[in-house]
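Trainee: Following this message is one structure expressed as structure tokens.
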Amino acid sequence: MLKRLKGDALDIKVTISTKWKSDLFRLTGMLGLRIPCIYANTSPPEIFFVVPSSYAGNLETRKLLMIMGGREAENHWTGRISIDNKEISDAISNVLSIPSLVLDAAFLDTRSFKLLFRLNSMYTGKLTELIESAISDGVPLDIEYLGPIESPYDNLDAMNRIIPLSVIYFRIDSYMFKKTSDPNPLGIPYERDRKFTSLSDRLQFVYHCPNAPEQIDDKAIVETVPHLLYETWIENPFLTFIESKLIEMKILVSNYHMAYDGERIYVEVVLPTTFVGNYLEFLSLSADRYQEWGALLFGVYTYNQQRDLVKEWAVS
């Protein structure tokens with residue numbers, strides 16, 4: 001895995017939960033298992049989910065999956081459903097708007113929908129204020145955990161316990177950034193995390209830049225933590241082409257982490273192992289379509305293999 005910033009960057013992890021009347025909870029109740037999801041911050045918001053085929057053998061489950069737009073693949077079902085409770089979707093959108101906050105993962109259990117975040121401790125007061133305001137308005141929203149992280153991988157470790165994850169690495173040439181709306185916004189090396197999934201051609205990222213200049217002139221770049229964290233929207237046709245294919249197939253990607261070293265941008269994709277073949281297919285299609293981006297695949301590993309490597313870095 002790409003090394004990530006520690007300490008004062010995104011130093012708090014949060015789990016919030018909510019529930020509403022939905023076939024999703026009927027499904028989790030029938031199956032009796034946690035279901036990994038992607039929360040798409042659209043209008044209305046949508047949830048993409050995956051269910052192992054071994055749990056979808058009976059007719060009632062299959063009918064329910066089909067009602068929710070289920071698609072059957074070789075060893076799993078995928079589905080996509082909108083959140084039709086405006087109070088809940090508005091409350092979640094407000095949380096996602098918090099500066100520095102990154103949505104790492106989401107899942108359903110038998111009773112609730114859980115979202116796992118990281119953010120900078122500078123904004124924990126804002127988070128609790130929004131949650132308390134939502135609760136006072138009658139929105140069923142709860143903070144299940146709020147506290148310091150042990151590592152930037154805590155939330156992904158939690159998802160890996162729900163569904164086996166893998167990691168894909170590729171790189172693209174940075175000179176193409178100048179020809180798109182994905183320029184280097186800070187003019188220096190950086191790390192960045194996808195803030196949330198939006199199903200849009202515009203992708204929002206949180207940038208980690210501990211060596212940022214004193215002044216940023218680009219008004220589209222928001223400094224969220226002085227000289228450390230920034231946010232902005234970008235447009236990157238290479239990445240959004242892949243994303244369009246993922247959406248079409250209802251495929252989950254748990255996390256996008258990227259690093260720019262001054263010459264190239266390195267991309268780390270964390271996703272359920274069952275979707276690795278699909279992602280590699282879409283990556284190849286995008287590389288053929290946008291050959292000038294010079295995409296190069298250089299690694300596919302299980303999540304556990306790469307976490308063991310990260311642990312070695314931590315003690316070296």
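Residue numbering restarts at 1 in every chain; chains get A, B, ... in the order shown in the structure tokens, and ligands count up from 1 in that same order.
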Contacts of segment 301-304 of chain A at 8 Å or less, counting only C-alpha atoms, minus same-chain residues fewer than 3 places along, as a ChimeraX atom specification?

Mentor: /A:160,164-168,270,273,307-308

Trainee: Env of segment 22-39 of chain A: 10 Å cut, atoms = only C-alpha atoms, seq-sep filter 2 positions within chain, self excluded. Answer as a ChimeraX atom specification.

Mentor: /A:19-20,41-42,45-52,55-56,60-62,64-65,67-68,78-85,92,103-115,159-160,162-163,196-198,250-255,272

Trainee: Take the residues from that selection and write them out as a compact mmCIF listing (two decimals), in the first residue's frame, keeping C-alpha atoms.

Mentor:
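What ended up in out-v5.txt:
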# COMPACT_ATOMS: atom_id res chain seq x y z
CA LYS A 19 -32.21 3.31 9.81
CA TRP A 20 -35.40 3.86 7.86
CA ASN A 41 -23.91 11.23 -2.41
CA THR A 42 -26.38 11.95 -5.20
CA PRO A 45 -28.58 9.34 -2.46
CA GLU A 46 -28.09 5.76 -3.60
CA ILE A 47 -26.68 2.64 -1.97
CA PHE A 48 -24.81 -0.02 -3.97
CA PHE A 49 -24.57 -3.38 -2.22
CA VAL A 50 -23.21 -6.88 -2.77
CA VAL A 51 -24.54 -10.23 -1.49
CA PRO A 52 -22.70 -13.57 -1.87
CA TYR A 55 -26.82 -16.43 0.74
CA ALA A 56 -29.28 -15.83 -2.08
CA GLU A 60 -37.93 -15.04 -1.60
CA THR A 61 -34.40 -13.61 -1.30
CA ARG A 62 -33.90 -13.67 -5.06
CA LEU A 64 -36.30 -9.22 -3.14
CA LEU A 65 -32.90 -8.73 -4.77
CA ILE A 67 -36.99 -5.77 -6.77
CA MET A 68 -33.93 -3.76 -5.71
CA THR A 78 -25.15 -6.68 -6.75
CA GLY A 79 -27.92 -4.14 -6.31
CA ARG A 80 -28.65 -0.43 -6.17
CA ILE A 81 -31.40 1.37 -4.28
CA SER A 82 -32.24 5.01 -3.52
CA ILE A 83 -32.72 6.43 -0.03
CA ASP A 84 -36.21 7.90 -0.17
CA ASN A 85 -36.11 9.36 3.35
CA ILE A 92 -25.87 12.45 5.86
CA LEU A 103 -16.04 8.48 3.73
CA ASP A 104 -14.03 5.25 3.76
CA ALA A 105 -16.71 2.56 3.79
CA ALA A 106 -20.30 1.62 4.56
CA PHE A 107 -22.25 -1.52 5.39
CA LEU A 108 -25.67 -2.77 6.46
CA ASP A 109 -26.30 -4.98 9.43
CA THR A 110 -29.62 -6.51 10.39
CA ARG A 111 -30.93 -3.30 11.97
CA SER A 112 -29.03 -0.28 10.65
CA PHE A 113 -26.91 1.35 7.97
CA LYS A 114 -23.41 2.29 9.10
CA LEU A 115 -20.95 4.77 7.57
CA MET A 159 -14.48 -3.73 5.93
CA ASN A 160 -11.98 -6.52 5.27
CA ILE A 162 -16.94 -8.16 6.40
CA ILE A 163 -15.81 -9.02 2.86
CA PHE A 196 -17.05 10.35 -1.25
CA THR A 197 -18.66 8.70 -4.28
CA SER A 198 -20.81 11.17 -6.23
CA LYS A 250 -23.03 -1.86 -9.62
CA ILE A 251 -19.47 -2.65 -8.52
CA LEU A 252 -18.12 -1.51 -5.16
CA VAL A 253 -14.83 0.32 -4.65
CA SER A 254 -14.08 0.85 -0.97
CA ASN A 255 -11.37 3.47 -1.25
CA PRO A 272 -13.84 -6.45 -2.72

Trainee: Write out as an MDAnalysis selection string each polymer residue whose atoms come within 8 Å of segment 144-158 of chain A, counting only C-alpha atoms; drop sequence neighbours fewer than 6 positions from it.

Mentor: chainID A and resid 4:6 10:17 104:105 116:117 254

Trainee: For Asp142 of chain A, which of A:Ser53, A:Val206, A:Ile98, A:Thr18 is the closest residue, counting only C-alpha atoms?

Mentor: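 Among the listed residues, the smallest separation from Asp142 of chain A belongs to A:Thr18.
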
Trainee: Using Å and a single decimal, report how far atom CA of Leu127 of chain A sits from atom CA of Ala9 of chain A.

Mentor: 16.6 Å

Trainee: Pick the closest to Asp137 of chain A from A:Ile265, A:Ile88, A:Leu96, A:Ala220: which is it, counting only C-alpha atoms?

Mentor: A:Ile88

Trainee: For segment 230-247 of chain A, work out the shell of residues within 6 Å, counting only C-alpha atoms and skipping chain neighbours fewer than 6 positions away, then give it as a PyMOL selection string.

Mentor: chain A and resi 181-182+201-207+221-224+282

Trainee: Go ahead and dump the residues you just picked, N, CA, C and O atoms, as a PDB file, in the first residue's frame.

Mentor:
ATOM      1  N   SER A 181      -9.094  19.196 -16.305  1.00  0.00           N
ATOM      2  CA  SER A 181      -9.421  19.935 -15.082  1.00  0.00           C
ATOM      3  C   SER A 181      -8.913  19.193 -13.852  1.00  0.00           C
ATOM      4  O   SER A 181      -9.476  19.308 -12.774  1.00  0.00           O
ATOM      5  N   ASP A 182      -7.841  18.409 -14.023  1.00  0.00           N
ATOM      6  CA  ASP A 182      -7.193  17.746 -12.901  1.00  0.00           C
ATOM      7  C   ASP A 182      -5.732  18.172 -12.856  1.00  0.00           C
ATOM      8  O   ASP A 182      -4.816  17.356 -12.928  1.00  0.00           O
ATOM      9  N   ASP A 201     -19.051  13.443 -13.030  1.00  0.00           N
ATOM     10  CA  ASP A 201     -17.773  13.619 -13.716  1.00  0.00           C
ATOM     11  C   ASP A 201     -16.802  14.453 -12.882  1.00  0.00           C
ATOM     12  O   ASP A 201     -15.609  14.494 -13.177  1.00  0.00           O
ATOM     13  N   ARG A 202     -17.333  15.130 -11.885  1.00  0.00           N
ATOM     14  CA  ARG A 202     -16.490  15.933 -10.991  1.00  0.00           C
ATOM     15  C   ARG A 202     -16.228  15.124  -9.720  1.00  0.00           C
ATOM     16  O   ARG A 202     -17.157  14.678  -9.060  1.00  0.00           O
ATOM     17  N   LEU A 203     -14.952  14.924  -9.410  1.00  0.00           N
ATOM     18  CA  LEU A 203     -14.545  14.112  -8.279  1.00  0.00           C
ATOM     19  C   LEU A 203     -13.976  15.015  -7.193  1.00  0.00           C
ATOM     20  O   LEU A 203     -13.123  15.858  -7.465  1.00  0.00           O
ATOM     21  N   GLN A 204     -14.434  14.843  -5.968  1.00  0.00           N
ATOM     22  CA  GLN A 204     -13.950  15.673  -4.868  1.00  0.00           C
ATOM     23  C   GLN A 204     -12.909  14.907  -4.058  1.00  0.00           C
ATOM     24  O   GLN A 204     -13.130  13.755  -3.673  1.00  0.00           O
ATOM     25  N   PHE A 205     -11.768  15.578  -3.798  1.00  0.00           N
ATOM     26  CA  PHE A 205     -10.677  14.954  -3.062  1.00  0.00           C
ATOM     27  C   PHE A 205     -10.258  15.814  -1.872  1.00  0.00           C
ATOM     28  O   PHE A 205     -10.344  17.040  -1.908  1.00  0.00           O
ATOM     29  N   VAL A 206      -9.773  15.127  -0.843  1.00  0.00           N
ATOM     30  CA  VAL A 206      -9.105  15.761   0.286  1.00  0.00           C
ATOM     31  C   VAL A 206      -7.609  15.553   0.082  1.00  0.00           C
ATOM     32  O   VAL A 206      -7.141  14.421  -0.074  1.00  0.00           O
ATOM     33  N   TYR A 207      -6.856  16.656   0.048  1.00  0.00           N
ATOM     34  CA  TYR A 207      -5.414  16.628  -0.207  1.00  0.00           C
ATOM     35  C   TYR A 207      -4.648  16.759   1.102  1.00  0.00           C
ATOM     36  O   TYR A 207      -4.960  17.618   1.936  1.00  0.00           O
ATOM     37  N   ILE A 221      -9.509  25.956  -4.501  1.00  0.00           N
ATOM     38  CA  ILE A 221      -8.905  25.099  -3.486  1.00  0.00           C
ATOM     39  C   ILE A 221      -9.222  25.664  -2.104  1.00  0.00           C
ATOM     40  O   ILE A 221      -8.914  26.814  -1.805  1.00  0.00           O
ATOM     41  N   VAL A 222      -9.846  24.838  -1.275  1.00  0.00           N
ATOM     42  CA  VAL A 222     -10.226  25.259   0.071  1.00  0.00           C
ATOM     43  C   VAL A 222      -9.231  24.680   1.070  1.00  0.00           C
ATOM     44  O   VAL A 222      -9.020  23.465   1.129  1.00  0.00           O
ATOM     45  N   GLU A 223      -8.608  25.550   1.839  1.00  0.00           N
ATOM     46  CA  GLU A 223      -7.696  25.104   2.888  1.00  0.00           C
ATOM     47  C   GLU A 223      -8.529  24.758   4.120  1.00  0.00           C
ATOM     48  O   GLU A 223      -9.173  25.626   4.706  1.00  0.00           O
ATOM     49  N   THR A 224      -8.543  23.491   4.510  1.00  0.00           N
ATOM     50  CA  THR A 224      -9.396  23.073   5.629  1.00  0.00           C
ATOM     51  C   THR A 224      -8.638  22.990   6.951  1.00  0.00           C
ATOM     52  O   THR A 224      -9.216  23.209   8.016  1.00  0.00           O
ATOM     53  N   PHE A 282     -11.924  -2.838 -16.787  1.00  0.00           N
ATOM     54  CA  PHE A 282     -12.267  -1.435 -17.033  1.00  0.00           C
ATOM     55  C   PHE A 282     -11.015  -0.561 -17.103  1.00  0.00           C
ATOM     56  O   PHE A 282     -10.955   0.402 -17.867  1.00  0.00           O
TER      57      PHE A 282
END

Trainee: For Ser133 of chain A, which residue among A:Ala287, A:Leu229, A:Leu271, A:Ala91 is the nearest when counting only C-alpha atoms?

Mentor: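 Ranking A:Ala287, A:Leu229, A:Leu271, A:Ala91 by distance to Ser133 of chain A, first place goes to A:Ala91.
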
Trainee: Please determine, counting only C-alpha atoms, which residue among A:Tyr169, A:Arg118, A:Asp261, A:Ser200 has the shortest atom-to-atom distance to Leu296 of chain A.

Mentor: A:Tyr169

Trainee: Nearest to Met122 of chain A: which of A:Val267, A:Ala73, A:Val225, A:Leu141 is it, counting only C-alpha atoms?

Mentor: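 Ranking A:Val267, A:Ala73, A:Val225, A:Leu141 by distance to Met122 of chain A, first place goes to A:Val225.
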
Trainee: Between atom CA of Pro140 of chain A and atom CA of Glu87 of chain A, what distance in Å does the model show, to one decimal?

Mentor: 9.2 Å

Trainee: Provide the atom CA of Ala295 of chain A to atom CA of Ile172 of chain A distance in Å, to one decimal place.

Mentor: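 Those two atoms sit 4.5 Å apart.
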
Trainee: Among segment 20-226 of chain A, which ones does DSSP place in helix (DSSP H, G or I), written as an MDAnalysis selection string?

Mentor: chainID A and resid 23:31 53:55 59:67 86:96 121:136 154:162 174:179

Trainee: I need the residues of segment 53-234 of chain A that end up classed as strand (DSSP E or B) by DSSP on the backbone, written out as a ChimeraX atom specification.

Mentor: /A:71-72,76-82,102-108,113-119,141-148,165-173,181,190-194,197,202-208,222-225,229-234
